[in-house]
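**Q** Below is a structure I'd like to ask you about.
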Amino acid sequence: MYITREDVAAAVSLAELVQLSNDEGYGEPDWQIVDRAIAYACELADGYLMGRYALPLETAPSILRHLCTDIARHWLHQRRINAAELPKPLQAAYDNAVKLLVQIRDGKIHLGVRAAAAATEKPQPEGGAYHVRGKAKQDWSGY
């Protein structure tokens, strides 16, 4: 897991967390619901990281904690609110998190951990010089 209950609680006020997770809307947050949001966010992140990095990552880079927190918040809000009515900043944070995960998957952003290929493959020896063959040079001086 890249985030904890404390990370989600730090990103959302306690009152909002109670409203989003507890079906009665008062009392304490329903930590089982929060755990489901955390699991969803971390599994989604793993889906994008799979193939590029050896999973599970030993230490979670801070960027992953922020991305997974935004995804978990979106999941919690989506339980309560119609997707068309989600607050624009929340939707923008979720869209940005997914966009950054795509860039990490495509290799445009690096997490600073060993890639999956580097963790499993042995270094390949250099191939040597390249030899290229081509057709004979043509005479275009008449044109």
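Identifiers in this document derive from the order of the structure tokens: chains are assigned A, B, ..., residues are numbered from 1 separately in each chain, and ligands are numbered from 1 in order of occurrence.
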Apply DSSP to the structure's backbone, then extract all residues of region 7-61 of chain A labelled helix (DSSP H, G or I) and return them as a PyMOL selection string.
**A** chain A and resi 7-11+14-21+31-49
**Q** Got a sec: who's within 9 Å of Leu100 (chain A), counting only C-alpha atoms, leaving out chain neighbours fewer than 5 positions off, as a ChimeraX atom specification?
**A** /A:67,95,105,109
**Q** May I ask which of the residues A:Tyr2, A:Trp31, A:Trp75, A:Tyr53 is the closest one to Tyr94 (chain A), counting only C-alpha atoms?
**A**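 That would be A:Trp75, the residue with the smallest distance to Tyr94 (chain A).
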**Q** Excluding Val8 (chain A) and any residue of its chain fewer than 3 positions from it, enumerate the residues within 9 Å of it, using only C-alpha atoms, and give them as a ChimeraX atom specification.
**A** /A:3-5,11-12,17,34,38,69-70,72-73
